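Structure first, commentary second.
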Amino acid sequence: MQIIYSNACQAVWARVTRYDDEAAGNAVGASIFRQIAPDATDRQDTHEPDIQGAYTTLIVRPTRDTRVCAVGYVTLDGEKIDLGEPICV
């Protein structure tokens, strides 16, 4: 799970990658959101089946002080496995 940041446009997006070679029949997913508004309309989510990794659509931070967080998961044999607590920057 990663948060990727662009200084040039003040944008952030999340990337989730699996390293278990179990993409076939499974999925990966990630979400990125402002820390103070995790369910706001600018939250970006992705759910992608049968691949090793995925990116969310980017969000632009309103200010340099705006904290963002990301969460992710993988599925394995139909079971969703959360990748831990949100990471925030």
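Letters for chains follow the order of the structure tokens (A, B, ...), residue numbers begin at 1 for each chain, and ligand numbers begin at 1 in the order shown.
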
Next item on the list: Using DSSP on the backbone coordinates, identify the residues of chain A assigned to strand (DSSP E or B); present them as an MDAnalysis selection string.
Entry: chainID A and resid 2:6 11:17 27:34 37 44:49 53:55 59:60 68:76 79:82 87:88

Next item on the list: Fewer than 5 positions away in the same chain doesn't count, so skip those; otherwise give me all residues within 10 Å of Cys9 in chain A, counting only C-alpha atoms, as a PyMOL selection string.
Entry: chain A and resi 59-61

Would you mind listing what lies within 6 Å of range 45-50 of chain A as a PDB file with all heavy atoms, in the first residue's frame, with only C-alpha atoms counted and same-chain residues fewer than 4 positions away left out?
ATOM      1  N   ALA A  23      -3.130 -13.350  -8.449  1.00  0.00           N
ATOM      2  CA  ALA A  23      -4.075 -12.404  -9.040  1.00  0.00           C
ATOM      3  C   ALA A  23      -5.279 -13.099  -9.677  1.00  0.00           C
ATOM      4  O   ALA A  23      -6.410 -12.634  -9.555  1.00  0.00           O
ATOM      5  CB  ALA A  23      -3.371 -11.518 -10.070  1.00  0.00           C
ATOM      6  N   ALA A  24      -5.062 -14.194 -10.364  1.00  0.00           N
ATOM      7  CA  ALA A  24      -6.134 -14.878 -11.079  1.00  0.00           C
ATOM      8  C   ALA A  24      -7.250 -15.294 -10.126  1.00  0.00           C
ATOM      9  O   ALA A  24      -7.008 -15.988  -9.140  1.00  0.00           O
ATOM     10  CB  ALA A  24      -5.585 -16.085 -11.820  1.00  0.00           C
ATOM     11  N   GLY A  25      -8.450 -14.820 -10.405  1.00  0.00           N
ATOM     12  CA  GLY A  25      -9.608 -15.154  -9.576  1.00  0.00           C
ATOM     13  C   GLY A  25      -9.726 -14.336  -8.308  1.00  0.00           C
ATOM     14  O   GLY A  25     -10.649 -14.538  -7.532  1.00  0.00           O
ATOM     15  N   ASN A  26      -8.803 -13.424  -8.084  1.00  0.00           N
ATOM     16  CA  ASN A  26      -8.817 -12.579  -6.888  1.00  0.00           C
ATOM     17  C   ASN A  26      -8.863 -11.106  -7.302  1.00  0.00           C
ATOM     18  O   ASN A  26      -8.993 -10.795  -8.485  1.00  0.00           O
ATOM     19  CB  ASN A  26      -7.592 -12.879  -6.025  1.00  0.00           C
ATOM     20  CG  ASN A  26      -7.667 -14.261  -5.420  1.00  0.00           C
ATOM     21  OD1 ASN A  26      -8.598 -14.577  -4.702  1.00  0.00           O
ATOM     22  ND2 ASN A  26      -6.693 -15.100  -5.736  1.00  0.00           N
ATOM     23  N   ALA A  27      -8.765 -10.203  -6.343  1.00  0.00           N
ATOM     24  CA  ALA A  27      -8.863  -8.771  -6.631  1.00  0.00           C
ATOM     25  C   ALA A  27      -7.976  -7.981  -5.684  1.00  0.00           C
ATOM     26  O   ALA A  27      -7.521  -8.492  -4.655  1.00  0.00           O
ATOM     27  CB  ALA A  27     -10.312  -8.301  -6.471  1.00  0.00           C
ATOM     28  N   VAL A  28      -7.735  -6.731  -6.063  1.00  0.00           N
ATOM     29  CA  VAL A  28      -7.078  -5.760  -5.196  1.00  0.00           C
ATOM     30  C   VAL A  28      -7.954  -4.519  -5.159  1.00  0.00           C
ATOM     31  O   VAL A  28      -8.719  -4.255  -6.091  1.00  0.00           O
ATOM     32  CB  VAL A  28      -5.649  -5.394  -5.681  1.00  0.00           C
ATOM     33  CG1 VAL A  28      -4.736  -6.596  -5.630  1.00  0.00           C
ATOM     34  CG2 VAL A  28      -5.671  -4.783  -7.070  1.00  0.00           C
ATOM     35  N   GLY A  29      -7.837  -3.755  -4.087  1.00  0.00           N
ATOM     36  CA  GLY A  29      -8.615  -2.520  -3.984  1.00  0.00           C
ATOM     37  C   GLY A  29      -7.925  -1.522  -3.083  1.00  0.00           C
ATOM     38  O   GLY A  29      -7.117  -1.892  -2.222  1.00  0.00           O
ATOM     39  N   ALA A  30      -8.232  -0.251  -3.314  1.00  0.00           N
ATOM     40  CA  ALA A  30      -7.653   0.817  -2.508  1.00  0.00           C
ATOM     41  C   ALA A  30      -8.592   2.011  -2.498  1.00  0.00           C
ATOM     42  O   ALA A  30      -9.429   2.180  -3.395  1.00  0.00           O
ATOM     43  CB  ALA A  30      -6.295   1.234  -3.055  1.00  0.00           C
ATOM     44  N   SER A  31      -8.435   2.845  -1.480  1.00  0.00           N
ATOM     45  CA  SER A  31      -9.183   4.098  -1.357  1.00  0.00           C
ATOM     46  C   SER A  31      -8.242   5.175  -0.859  1.00  0.00           C
ATOM     47  O   SER A  31      -7.354   4.895  -0.041  1.00  0.00           O
ATOM     48  CB  SER A  31     -10.334   3.962  -0.358  1.00  0.00           C
ATOM     49  OG  SER A  31     -11.235   2.972  -0.773  1.00  0.00           O
ATOM     50  N   THR A  56      -5.709   4.322  -7.532  1.00  0.00           N
ATOM     51  CA  THR A  56      -6.940   5.102  -7.469  1.00  0.00           C
ATOM     52  C   THR A  56      -6.815   6.279  -8.419  1.00  0.00           C
ATOM     53  O   THR A  56      -5.718   6.629  -8.862  1.00  0.00           O
ATOM     54  CB  THR A  56      -7.205   5.668  -6.058  1.00  0.00           C
ATOM     55  OG1 THR A  56      -6.165   6.603  -5.734  1.00  0.00           O
ATOM     56  CG2 THR A  56      -7.307   4.579  -5.015  1.00  0.00           C
TER      57      THR A  56
END

Next item on the list: For range 33-36 of chain A, please output as a VMD selection string all residues within 10 Å (counting only C-alpha atoms; exclusion window: fewer than 5 positions along the same chain).
Entry: chain A and resid 12 to 14 41 to 45 58 to 62 66 to 71 86 to 89

Using the selection just defined, write its residues with N, CA and C atoms as an mmCIF file, in the first residue's frame.
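Written file, again-v4.cif:
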data_model
loop_
_atom_site.group_PDB
_atom_site.id
_atom_site.type_symbol
_atom_site.label_atom_id
_atom_site.label_comp_id
_atom_site.auth_asym_id
_atom_site.auth_seq_id
_atom_site.Cartn_x
_atom_site.Cartn_y
_atom_site.Cartn_z
ATOM 1 N N VAL A 12 -2.590 13.598 -5.048
ATOM 2 C CA VAL A 12 -2.213 12.346 -4.406
ATOM 3 C C VAL A 12 -3.085 11.226 -4.950
ATOM 4 N N TRP A 13 -2.525 10.024 -4.943
ATOM 5 C CA TRP A 13 -3.302 8.855 -5.308
ATOM 6 C C TRP A 13 -2.707 7.663 -4.585
ATOM 7 N N ALA A 14 -3.478 6.596 -4.515
ATOM 8 C CA ALA A 14 -3.038 5.401 -3.798
ATOM 9 C C ALA A 14 -2.726 4.285 -4.784
ATOM 10 N N THR A 41 -17.237 13.493 -1.090
ATOM 11 C CA THR A 41 -17.400 13.162 -2.505
ATOM 12 C C THR A 41 -16.083 13.097 -3.278
ATOM 13 N N ASP A 42 -14.990 13.639 -2.725
ATOM 14 C CA ASP A 42 -13.717 13.559 -3.431
ATOM 15 C C ASP A 42 -12.930 12.281 -3.098
ATOM 16 N N ARG A 43 -13.476 11.424 -2.259
ATOM 17 C CA ARG A 43 -12.855 10.125 -1.964
ATOM 18 C C ARG A 43 -12.773 9.330 -3.265
ATOM 19 N N GLN A 44 -11.646 8.657 -3.467
ATOM 20 C CA GLN A 44 -11.472 7.843 -4.666
ATOM 21 C C GLN A 44 -11.242 6.392 -4.263
ATOM 22 N N ASP A 45 -11.998 5.499 -4.902
ATOM 23 C CA ASP A 45 -11.928 4.071 -4.614
ATOM 24 C C ASP A 45 -11.652 3.301 -5.903
ATOM 25 N N LEU A 58 -6.672 10.244 -8.889
ATOM 26 C CA LEU A 58 -6.037 11.206 -7.984
ATOM 27 C C LEU A 58 -7.045 12.170 -7.364
ATOM 28 N N ILE A 59 -6.660 12.736 -6.237
ATOM 29 C CA ILE A 59 -7.390 13.856 -5.647
ATOM 30 C C ILE A 59 -6.390 14.993 -5.451
ATOM 31 N N VAL A 60 -6.873 16.208 -5.605
ATOM 32 C CA VAL A 60 -6.030 17.385 -5.419
ATOM 33 C C VAL A 60 -6.253 17.903 -4.011
ATOM 34 N N ARG A 61 -5.164 18.094 -3.292
ATOM 35 C CA ARG A 61 -5.262 18.608 -1.920
ATOM 36 C C ARG A 61 -5.597 20.100 -1.973
ATOM 37 N N PRO A 62 -6.590 20.547 -1.213
ATOM 38 C CA PRO A 62 -6.952 21.968 -1.211
ATOM 39 C C PRO A 62 -5.811 22.870 -0.728
ATOM 40 N N THR A 66 -3.352 19.858 4.023
ATOM 41 C CA THR A 66 -4.423 18.862 4.006
ATOM 42 C C THR A 66 -3.827 17.465 4.082
ATOM 43 N N ARG A 67 -4.172 16.735 5.138
ATOM 44 C CA ARG A 67 -3.690 15.363 5.292
ATOM 45 C C ARG A 67 -4.614 14.411 4.537
ATOM 46 N N VAL A 68 -4.010 13.415 3.913
ATOM 47 C CA VAL A 68 -4.771 12.401 3.199
ATOM 48 C C VAL A 68 -4.392 11.030 3.737
ATOM 49 N N CYS A 69 -5.314 10.101 3.603
ATOM 50 C CA CYS A 69 -5.087 8.741 4.079
ATOM 51 C C CYS A 69 -5.495 7.755 2.993
ATOM 52 N N ALA A 70 -4.920 6.563 3.069
ATOM 53 C CA ALA A 70 -5.260 5.503 2.124
ATOM 54 C C ALA A 70 -5.399 4.182 2.871
ATOM 55 N N VAL A 71 -6.285 3.356 2.357
ATOM 56 C CA VAL A 71 -6.473 1.997 2.855
ATOM 57 C C VAL A 71 -6.521 1.071 1.646
ATOM 58 N N PRO A 86 -5.120 2.712 8.206
ATOM 59 C CA PRO A 86 -4.847 3.701 7.160
ATOM 60 C C PRO A 86 -3.437 4.257 7.275
ATOM 61 N N ILE A 87 -2.828 4.507 6.119
ATOM 62 C CA ILE A 87 -1.570 5.247 6.104
ATOM 63 C C ILE A 87 -1.912 6.688 5.743
ATOM 64 N N CYS A 88 -1.289 7.638 6.391
ATOM 65 C CA CYS A 88 -1.633 9.042 6.196
ATOM 66 C C CYS A 88 -0.383 9.883 5.992
ATOM 67 N N VAL A 89 -0.509 10.893 5.142
ATOM 68 C CA VAL A 89 0.571 11.850 4.940
ATOM 69 C C VAL A 89 -0.002 13.256 4.951
#

Margin query: Env of Asp82 in chain A: 7 Å cut, atoms = only C-alpha atoms, seq-sep filter 6 positions within chain, self excluded. Answer as a VMD selection string.
Written below: chain A and resid 72 to 74

Note to self: Could you check the closest approach to Asp77 in chain A for each of A:Tyr55, A:Ala40, A:Arg64, A:Glu22 and tell me which residue wins, using only C-alpha atoms?
What the structure shows: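 Counting only C-alpha atoms, the residue closest to Asp77 in chain A is A:Glu22.
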
Note to self: Nearest residue to Arg15 in chain A out of A:Ala54, A:Ile81, A:Ala37, A:Ile32, using only C-alpha atoms?
What the structure shows: A:Ala54

Margin query: Counting only C-alpha atoms, which residue out of A:Asp39, A:Ile51, A:Ala11, A:Ile3 sits closest to Thr75 in chain A?
Written below: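 With only C-alpha atoms as the atom set, the closest residue is A:Ile51.
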
Next item on the list: To one decimal in Å, tell me the separation between CA of Tyr19 in chain A and CA of Tyr5 in chain A.
Entry: 22.4 Å
